[in-house]
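These notes are about the structure you will find just below.
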Amino acid sequence: MALLLRNGRVLDPASRVDAVQDVLVEGGTITRLGPTLAAPAEARVLDVTRKVVCPGFIDMHVHLREPGYEYKETVATGTRAAAAGGFAAVCCMANTHPVNDNRSITDYILAKARSEGVVRVYPIGAVTRGLRGEELAELAELAEAGCVGYSDDGQCVMNARLYRRAMEYTLPFGLPVISHAEDHHLSHGAAMNEGVVSMETGLAGAPPAAEDVMVARDIILAELTGAHVHIAHLSTAGAVRLVRDAKARGVKVTAEVTPHHLVLTEEAVRHYDPNTKMSPPLRTKRDAQALLEALADGTIDCVATDHAPHALAEKEGEYDAAAWGIVGLETAVALLLDRLVRPGLLGLDTLVARLSTDPARLLHLPGGSLAPGAPADITVLDPGLEHTIDPARFRSRSRNTPFGGWTVTGAPVMTIVGGTVVHPESAP
Ligand code: DOR
């Protein structure tokens with residue numbers, strides 16, 4: 001059925017459009033943009049006055065946990081969480097059980113996505129077998145099966161020789177190697193960032209250098225091999241500097257930042273809430289400031305949530321023993337609108353680009369544009385909608401967030417995938 005989005009502020013960084021317009025969707029594709037379009041017979045007309053119509057958001061760093069950890073999340077629950085959070089597509093990391101290191105697992109995830117998912121799902125294959133860092137995974141087979149990148153996320157590939165081989169091997173496929181940049185020797189035993197707060201709380205800290213040395217290594221290997229290396233969840237001012245310098249030299253390096261590293265600092269750990277424990281850990285205000293500047297100037301290419309669902313039992317009790325990570329799909333967009341866009345720290349157009357056009361470009365994915373002919377993946381925002389984050393209402397199977405009870409202004413209110421409204425489920 002045709003769909004007409006009437007009278008919204010159409011914001012499409014890919015085609016440099018920012019104007020109040022109508023958007024017509026036919027056969028799953030955007031067919032026309034313009035002021036007061038005539039609605040075809042039978043078209044469903046949705047009034048989006050005072051809302052912002054954007055290319056569907058793409059979260060390139062999500063843990064859907066299936067197969068193996070269905071008690072934390074599934075393709076069905078994770079993609080519903082994505083839709084509710086304004087994401088029309090997610091890339092899912094390989095640290096499932098079994099690990100997504102061969103075609104059968106990729107096929108399984110894609111089959112689940114077809115039968116139970118409500119947004120597009122793009123699997124990321126493992127770099128090494130079983131994420132053990134010892135031998136390469138079936139890299140060619142993973143590309144053939146439909147993986148859009150490679151990562152041992154959650155683990156750093158510590159063996160530089162093996163990582164170099166992975167980069168060389170993946171070059172012909174044109175898919176990025178995505179780095180979880182952490183020197184596990186430097187971060188050994190840590191539960192948070194090393195600094196004043198770790199000293200005062202008595203928690204063991206990992207120095208920012210644990211990230212910086214691996215970002216430096218990965219840039220050097222990208223330069224050596226000519227491969228595209230993407231740094232996941234960049235969190236330190238030092239790593240920002242390294243990526244900025246490397247980009248200036250023409251190295252094929254890109255990077256992402258999470259909402260939590262932008263809006264929280266290590267100060268949040270003082271209350272020992274395990275929902276402030278994630279890898280990489282929350283850093284200092286200076287780091288968060290450097291990340292924001294890098295996101296604004298394009299040194300950091302995109303925002304990704306690192307949605308990392310864990311069961312309650314894994315996130316209560318002692319801070320040291322708690323699992324790493326927080327859910328992010330259902331809080332990311334609202335937090336970024338409220339904390340960065342509303343106070344004028346980041347332009348709405350830049351945020352929309354970093355959530356749609358830029359991840360599509362990085363991973364060569366369809367979408368990221370509202371130009372006629374593009375797939376009708378659309379995210380609609382209400383920048384003025386005030387609400388309180390209530391984890392009890394999450395579609396995700398997990399609730400591990402430090403943002404429960406935060407009142408924020410601005411929210412994703414509609415998600416459209418291939419011309420179908422997938423959120424809200426009962427759209428008018
Ligand atoms: O906090 C994190 N949790 N960081 C990671 O890199 C992995 C993730 C997970 O899988 O739980």
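Residue names in the structure tokens use chain letters A, B, ... in the order shown, residue numbers from 1 in each chain, and ligand numbers from 1 in the order shown.
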Neighbours of Pro402 (chain A) within 10 Å (only C-alpha atoms; same-chain residues fewer than 4 positions away dropped), as a list in words?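 What passes the distance filter is His260, Leu264, Ala268, Asp273, Pro274, Asn275, Thr276, Lys277, Ile326, Val327, Gly328, Pro391 and Trp406 of chain A.
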Writer output for current selection, all heavy atoms, as a compact mmCIF listing (two decimals), in the first residue's frame:
```
# COMPACT_ATOMS: atom_id res chain seq x y z
N HIS A 260 26.39 6.45 25.46
CA HIS A 260 26.78 6.54 26.89
C HIS A 260 28.15 7.16 27.09
O HIS A 260 28.36 7.85 28.08
CB HIS A 260 26.65 5.19 27.61
CG HIS A 260 27.21 3.99 26.92
ND1 HIS A 260 26.48 3.24 26.04
CD2 HIS A 260 28.42 3.39 27.00
CE1 HIS A 260 27.22 2.23 25.61
NE2 HIS A 260 28.41 2.30 26.17
N LEU A 264 27.67 10.32 29.60
CA LEU A 264 28.05 9.98 30.98
C LEU A 264 29.57 10.05 31.13
O LEU A 264 30.30 9.96 30.14
CB LEU A 264 27.61 8.55 31.32
CG LEU A 264 26.12 8.24 31.44
CD1 LEU A 264 25.93 6.74 31.69
CD2 LEU A 264 25.47 9.05 32.56
N ALA A 268 29.70 8.67 37.14
CA ALA A 268 28.48 7.87 37.33
C ALA A 268 28.76 6.56 38.07
O ALA A 268 27.85 5.93 38.61
CB ALA A 268 27.83 7.57 35.98
N ASP A 273 26.70 1.35 40.69
CA ASP A 273 25.59 0.73 39.95
C ASP A 273 26.21 -0.07 38.80
O ASP A 273 26.82 0.52 37.90
CB ASP A 273 24.65 1.82 39.41
CG ASP A 273 23.57 1.25 38.50
OD1 ASP A 273 23.51 0.01 38.33
OD2 ASP A 273 22.79 2.05 37.94
N PRO A 274 26.04 -1.40 38.79
CA PRO A 274 26.65 -2.20 37.71
C PRO A 274 26.15 -1.80 36.32
O PRO A 274 26.76 -2.17 35.32
CB PRO A 274 26.22 -3.63 38.05
CG PRO A 274 25.98 -3.60 39.53
CD PRO A 274 25.41 -2.24 39.81
N ASN A 275 25.07 -1.03 36.25
CA ASN A 275 24.62 -0.54 34.95
C ASN A 275 25.47 0.62 34.43
O ASN A 275 25.15 1.22 33.40
CB ASN A 275 23.14 -0.14 35.00
CG ASN A 275 22.26 -1.37 35.04
OD1 ASN A 275 22.59 -2.41 34.47
ND2 ASN A 275 21.14 -1.27 35.74
N THR A 276 26.52 0.95 35.16
CA THR A 276 27.50 1.91 34.62
C THR A 276 28.77 1.18 34.20
O THR A 276 29.78 1.82 33.89
CB THR A 276 27.87 2.98 35.67
OG1 THR A 276 28.46 2.33 36.81
CG2 THR A 276 26.66 3.79 36.09
N LYS A 277 28.71 -0.15 34.20
CA LYS A 277 29.90 -0.94 33.85
C LYS A 277 29.79 -1.41 32.41
O LYS A 277 28.87 -2.14 32.05
CB LYS A 277 30.02 -2.14 34.78
CG LYS A 277 31.25 -2.99 34.50
CD LYS A 277 31.37 -4.14 35.48
CE LYS A 277 32.55 -5.03 35.15
NZ LYS A 277 32.63 -6.20 36.05
N ILE A 326 25.52 -2.31 28.52
CA ILE A 326 24.16 -1.82 28.79
C ILE A 326 23.34 -1.87 27.50
O ILE A 326 23.89 -1.85 26.41
CB ILE A 326 24.16 -0.36 29.34
CG1 ILE A 326 24.79 0.61 28.33
CG2 ILE A 326 24.87 -0.30 30.67
CD1 ILE A 326 24.60 2.09 28.70
N VAL A 327 22.02 -1.94 27.68
CA VAL A 327 21.16 -1.86 26.50
C VAL A 327 21.13 -0.41 26.01
O VAL A 327 21.30 0.52 26.81
CB VAL A 327 19.71 -2.34 26.80
CG1 VAL A 327 19.67 -3.85 26.98
CG2 VAL A 327 19.11 -1.62 28.00
N GLY A 328 20.91 -0.24 24.71
CA GLY A 328 20.96 1.13 24.20
C GLY A 328 19.94 1.45 23.14
O GLY A 328 19.67 2.64 22.86
N PRO A 391 12.43 1.54 31.96
CA PRO A 391 12.92 0.25 31.48
C PRO A 391 11.85 -0.84 31.50
O PRO A 391 11.92 -1.78 30.71
CB PRO A 391 14.06 -0.08 32.46
CG PRO A 391 14.48 1.24 33.01
CD PRO A 391 13.24 2.08 33.05
N TRP A 406 15.30 8.88 33.85
CA TRP A 406 15.71 10.17 33.24
C TRP A 406 14.54 10.75 32.45
O TRP A 406 13.89 10.03 31.68
CB TRP A 406 16.87 9.97 32.28
CG TRP A 406 18.22 9.77 32.91
CD1 TRP A 406 18.48 9.08 34.05
CD2 TRP A 406 19.47 10.25 32.42
NE1 TRP A 406 19.84 9.09 34.29
CE2 TRP A 406 20.47 9.80 33.32
CE3 TRP A 406 19.86 11.00 31.31
CZ2 TRP A 406 21.83 10.09 33.13
CZ3 TRP A 406 21.20 11.29 31.12
CH2 TRP A 406 22.17 10.85 32.04
```
If you take only C-alpha atoms and a cut-off of 12 Å, which residues of region 25-139 of chain A touch region 287-303 of chain A, and what are their nearest atom pairs and distances in Å to one decimal, in chain and number order, as a Markdown table?
```
| residue | atom | partner | partner_atom | distance |
| --- | --- | --- | --- | --- |
| A:Phe57 | CA | A:Val303 | CA | 10.0 |
| A:Ile58 | CA | A:Val303 | CA | 9.1 |
| A:Asp59 | CA | A:Val303 | CA | 7.5 |
| A:Met60 | CA | A:Val303 | CA | 8.3 |
| A:His61 | CA | A:Val303 | CA | 9.0 |
| A:Val62 | CA | A:Val303 | CA | 11.6 |
| A:Phe87 | CA | A:Val303 | CA | 11.8 |
```
Kindly export the residues of the current selection with N, CA, C and O atoms, as a CSV table (one decimal), in the first residue's frame.
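Saved to part06.csv:
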```csv
chain,number,residue,atom,x,y,z
A,57,PHE,N,17.3,5.1,10.7
A,57,PHE,CA,18.6,5.0,11.4
A,57,PHE,C,19.1,3.6,11.4
A,57,PHE,O,18.4,2.6,11.3
A,58,ILE,N,20.5,3.5,11.4
A,58,ILE,CA,21.2,2.2,11.3
A,58,ILE,C,22.1,2.1,12.5
A,58,ILE,O,22.9,3.0,12.6
A,59,ASP,N,21.9,1.1,13.3
A,59,ASP,CA,22.8,0.9,14.4
A,59,ASP,C,23.8,-0.2,14.0
A,59,ASP,O,23.4,-1.4,14.0
A,60,MET,N,25.1,0.2,13.8
A,60,MET,CA,26.0,-0.8,13.3
A,60,MET,C,26.7,-1.6,14.4
A,60,MET,O,27.6,-2.4,14.1
A,61,HIS,N,26.2,-1.5,15.7
A,61,HIS,CA,26.9,-2.2,16.7
A,61,HIS,C,25.8,-2.7,17.8
A,61,HIS,O,25.5,-1.9,18.7
A,62,VAL,N,25.3,-3.9,17.6
A,62,VAL,CA,24.2,-4.4,18.4
A,62,VAL,C,24.5,-5.8,18.8
A,62,VAL,O,25.0,-6.6,17.9
A,87,PHE,N,15.4,2.7,15.0
A,87,PHE,CA,16.4,2.1,14.1
A,87,PHE,C,15.7,1.1,13.1
A,87,PHE,O,14.9,0.3,13.5
```
Shell of 10 Å around Gly130 (chain A), only C-alpha atoms, local chain residues under 2 positions omitted, as an MDAnalysis selection string: chainID A and resid 94:102 126:128 132:137 152
When DSSP is applied to the backbone of this structure, which of region 37-236 of chain A are assigned helix (DSSP H, G or I)? Write them out as an MDAnalysis selection string. chainID A and resid 75:84 103:116 129:131 139:145 160:173 196:201 209:225
List the neighbours of Gly56 (chain A) out to 8 Å using only C-alpha atoms; skip same-chain residues closer than 2 positions along the sequence, and give me the result as a list in words.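 What passes the distance filter is Cys54, Ile58, Gly86, Phe87, Ala88, Ala89, Ser356, Gly367, Gly368, Ser369, Asp377, Ile378, Thr379, Thr415, Ile416 and Val417 of chain A.
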Based on the selection just made, write C-alpha atoms of those residues as a CSV table (one decimal), in the first residue's frame.
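The result, written out as result_24.csv:
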```csv
chain,number,residue,atom,x,y,z
A,54,CYS,CA,14.9,11.3,8.4
A,58,ILE,CA,21.2,2.2,11.3
A,86,GLY,CA,14.0,4.5,15.7
A,87,PHE,CA,16.4,2.1,14.1
A,88,ALA,CA,15.4,0.6,10.8
A,89,ALA,CA,18.5,-1.6,10.6
A,356,SER,CA,21.9,7.1,8.9
A,367,GLY,CA,19.4,3.1,3.0
A,368,GLY,CA,20.8,6.3,4.5
A,369,SER,CA,18.9,8.5,2.1
A,377,ASP,CA,13.4,3.1,5.5
A,378,ILE,CA,12.4,6.1,7.5
A,379,THR,CA,12.7,7.4,11.0
A,415,THR,CA,10.0,3.7,12.2
A,416,ILE,CA,9.3,2.5,8.7
A,417,VAL,CA,11.2,-0.4,7.0
```
Environment of ligand 1 within 8 Å, counting only C-alpha atoms and all ligand atoms, reported as a PyMOL selection string: chain A and resi 63+93+95+153-155+180+233+277-281+306-310+323-326
How about saving the chosen residues, C-alpha atoms kept, as a PDB file, in the first residue's frame?
```
ATOM      1  CA  HIS A  63      24.301  -7.656  20.351  1.00  0.00           C
ATOM      2  CA  MET A  93      27.926  -8.825  16.598  1.00  0.00           C
ATOM      3  CA  ASN A  95      29.844 -13.098  20.119  1.00  0.00           C
ATOM      4  CA  ASP A 153      33.934  -7.484  19.515  1.00  0.00           C
ATOM      5  CA  GLY A 154      34.022  -8.070  23.248  1.00  0.00           C
ATOM      6  CA  GLN A 155      37.573  -9.347  22.725  1.00  0.00           C
ATOM      7  CA  HIS A 180      37.460  -3.837  19.850  1.00  0.00           C
ATOM      8  CA  HIS A 233      33.142   2.346  20.661  1.00  0.00           C
ATOM      9  CA  LYS A 277      29.900  -0.941  33.847  1.00  0.00           C
ATOM     10  CA  MET A 278      30.708  -1.390  30.201  1.00  0.00           C
ATOM     11  CA  SER A 279      33.651  -2.100  27.940  1.00  0.00           C
ATOM     12  CA  PRO A 280      35.275   0.288  27.195  1.00  0.00           C
ATOM     13  CA  PRO A 281      34.517   1.940  30.537  1.00  0.00           C
ATOM     14  CA  ASP A 306      26.747  -1.242  21.554  1.00  0.00           C
ATOM     15  CA  HIS A 307      23.351  -2.519  22.760  1.00  0.00           C
ATOM     16  CA  ALA A 308      24.545  -5.214  25.176  1.00  0.00           C
ATOM     17  CA  PRO A 309      21.618  -6.918  26.904  1.00  0.00           C
ATOM     18  CA  HIS A 310      22.275  -8.915  30.074  1.00  0.00           C
ATOM     19  CA  ALA A 323      28.745  -8.391  33.184  1.00  0.00           C
ATOM     20  CA  TRP A 324      29.975  -5.632  30.875  1.00  0.00           C
ATOM     21  CA  GLY A 325      27.510  -3.581  28.885  1.00  0.00           C
ATOM     22  CA  ILE A 326      24.162  -1.817  28.790  1.00  0.00           C
TER      23      ILE A 326
END
```
Among region 309-428 of chain A, which ones does DSSP place in strand (DSSP E), written as a PyMOL selection string? chain A and resi 378-388+407-417+420-423
Excluding Leu363 (chain A) and any residue of its chain fewer than 6 positions from it, enumerate the residues within 9 Å of it, using only C-alpha atoms, and give them as a count of residues only. 5
Choose the residue, out of A:Ala81, A:Val48, A:Leu224, A:Ala246, that has the smallest atom-to-atom separation from Thr331 (chain A); count only C-alpha atoms.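 That would be A:Ala81, the residue with the smallest distance to Thr331 (chain A).
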Excluding Leu242 (chain A) and any residue of its chain fewer than 4 positions from it, enumerate the residues within 8 Å of it, using only C-alpha atoms, and give them as a ChimeraX atom specification. /A:212,215-216,238,246
Hey, could you make a per-residue contact list for region 103-192 of chain A against region 250-258 of chain A with 10 Å as the cut-off, showing the nearest pair of atoms and its distance in Å to one decimal, counting only C-alpha atoms, sorted by chain and number, as CSV?
```
residue,atom,partner,partner_atom,distance
A:Pro176,CA,A:Val253,CA,9.1
A:Val177,CA,A:Val253,CA,9.8
A:Ile178,CA,A:Ala255,CA,8.9
A:Ser179,CA,A:Ala255,CA,9.3
```
Just-selected residues, N, CA and C atoms written as a short mmCIF file (atom, residue, chain, number, x, y, z; two decimals), in the first residue's frame:
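Wrote result.cif, looks like this:
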```cif
data_model
loop_
_atom_site.label_atom_id
_atom_site.label_comp_id
_atom_site.auth_asym_id
_atom_site.auth_seq_id
_atom_site.Cartn_x
_atom_site.Cartn_y
_atom_site.Cartn_z
N PRO A 176 34.84 -4.00 6.15
CA PRO A 176 35.73 -3.52 7.21
C PRO A 176 36.00 -4.57 8.28
N VAL A 177 37.17 -4.45 8.87
CA VAL A 177 37.48 -5.18 10.10
C VAL A 177 37.18 -4.21 11.24
N ILE A 178 36.37 -4.64 12.16
CA ILE A 178 35.90 -3.74 13.23
C ILE A 178 36.61 -4.10 14.53
N SER A 179 37.34 -3.13 15.06
CA SER A 179 38.23 -3.41 16.19
C SER A 179 37.60 -3.11 17.55
#
```
Using only C-alpha atoms for the distances, tell me which of A:Pro208, A:Cys92, A:Leu171, A:Ser426 is nearest to Ser151 (chain A).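 Smallest separation from Ser151 (chain A) among the options: A:Cys92.
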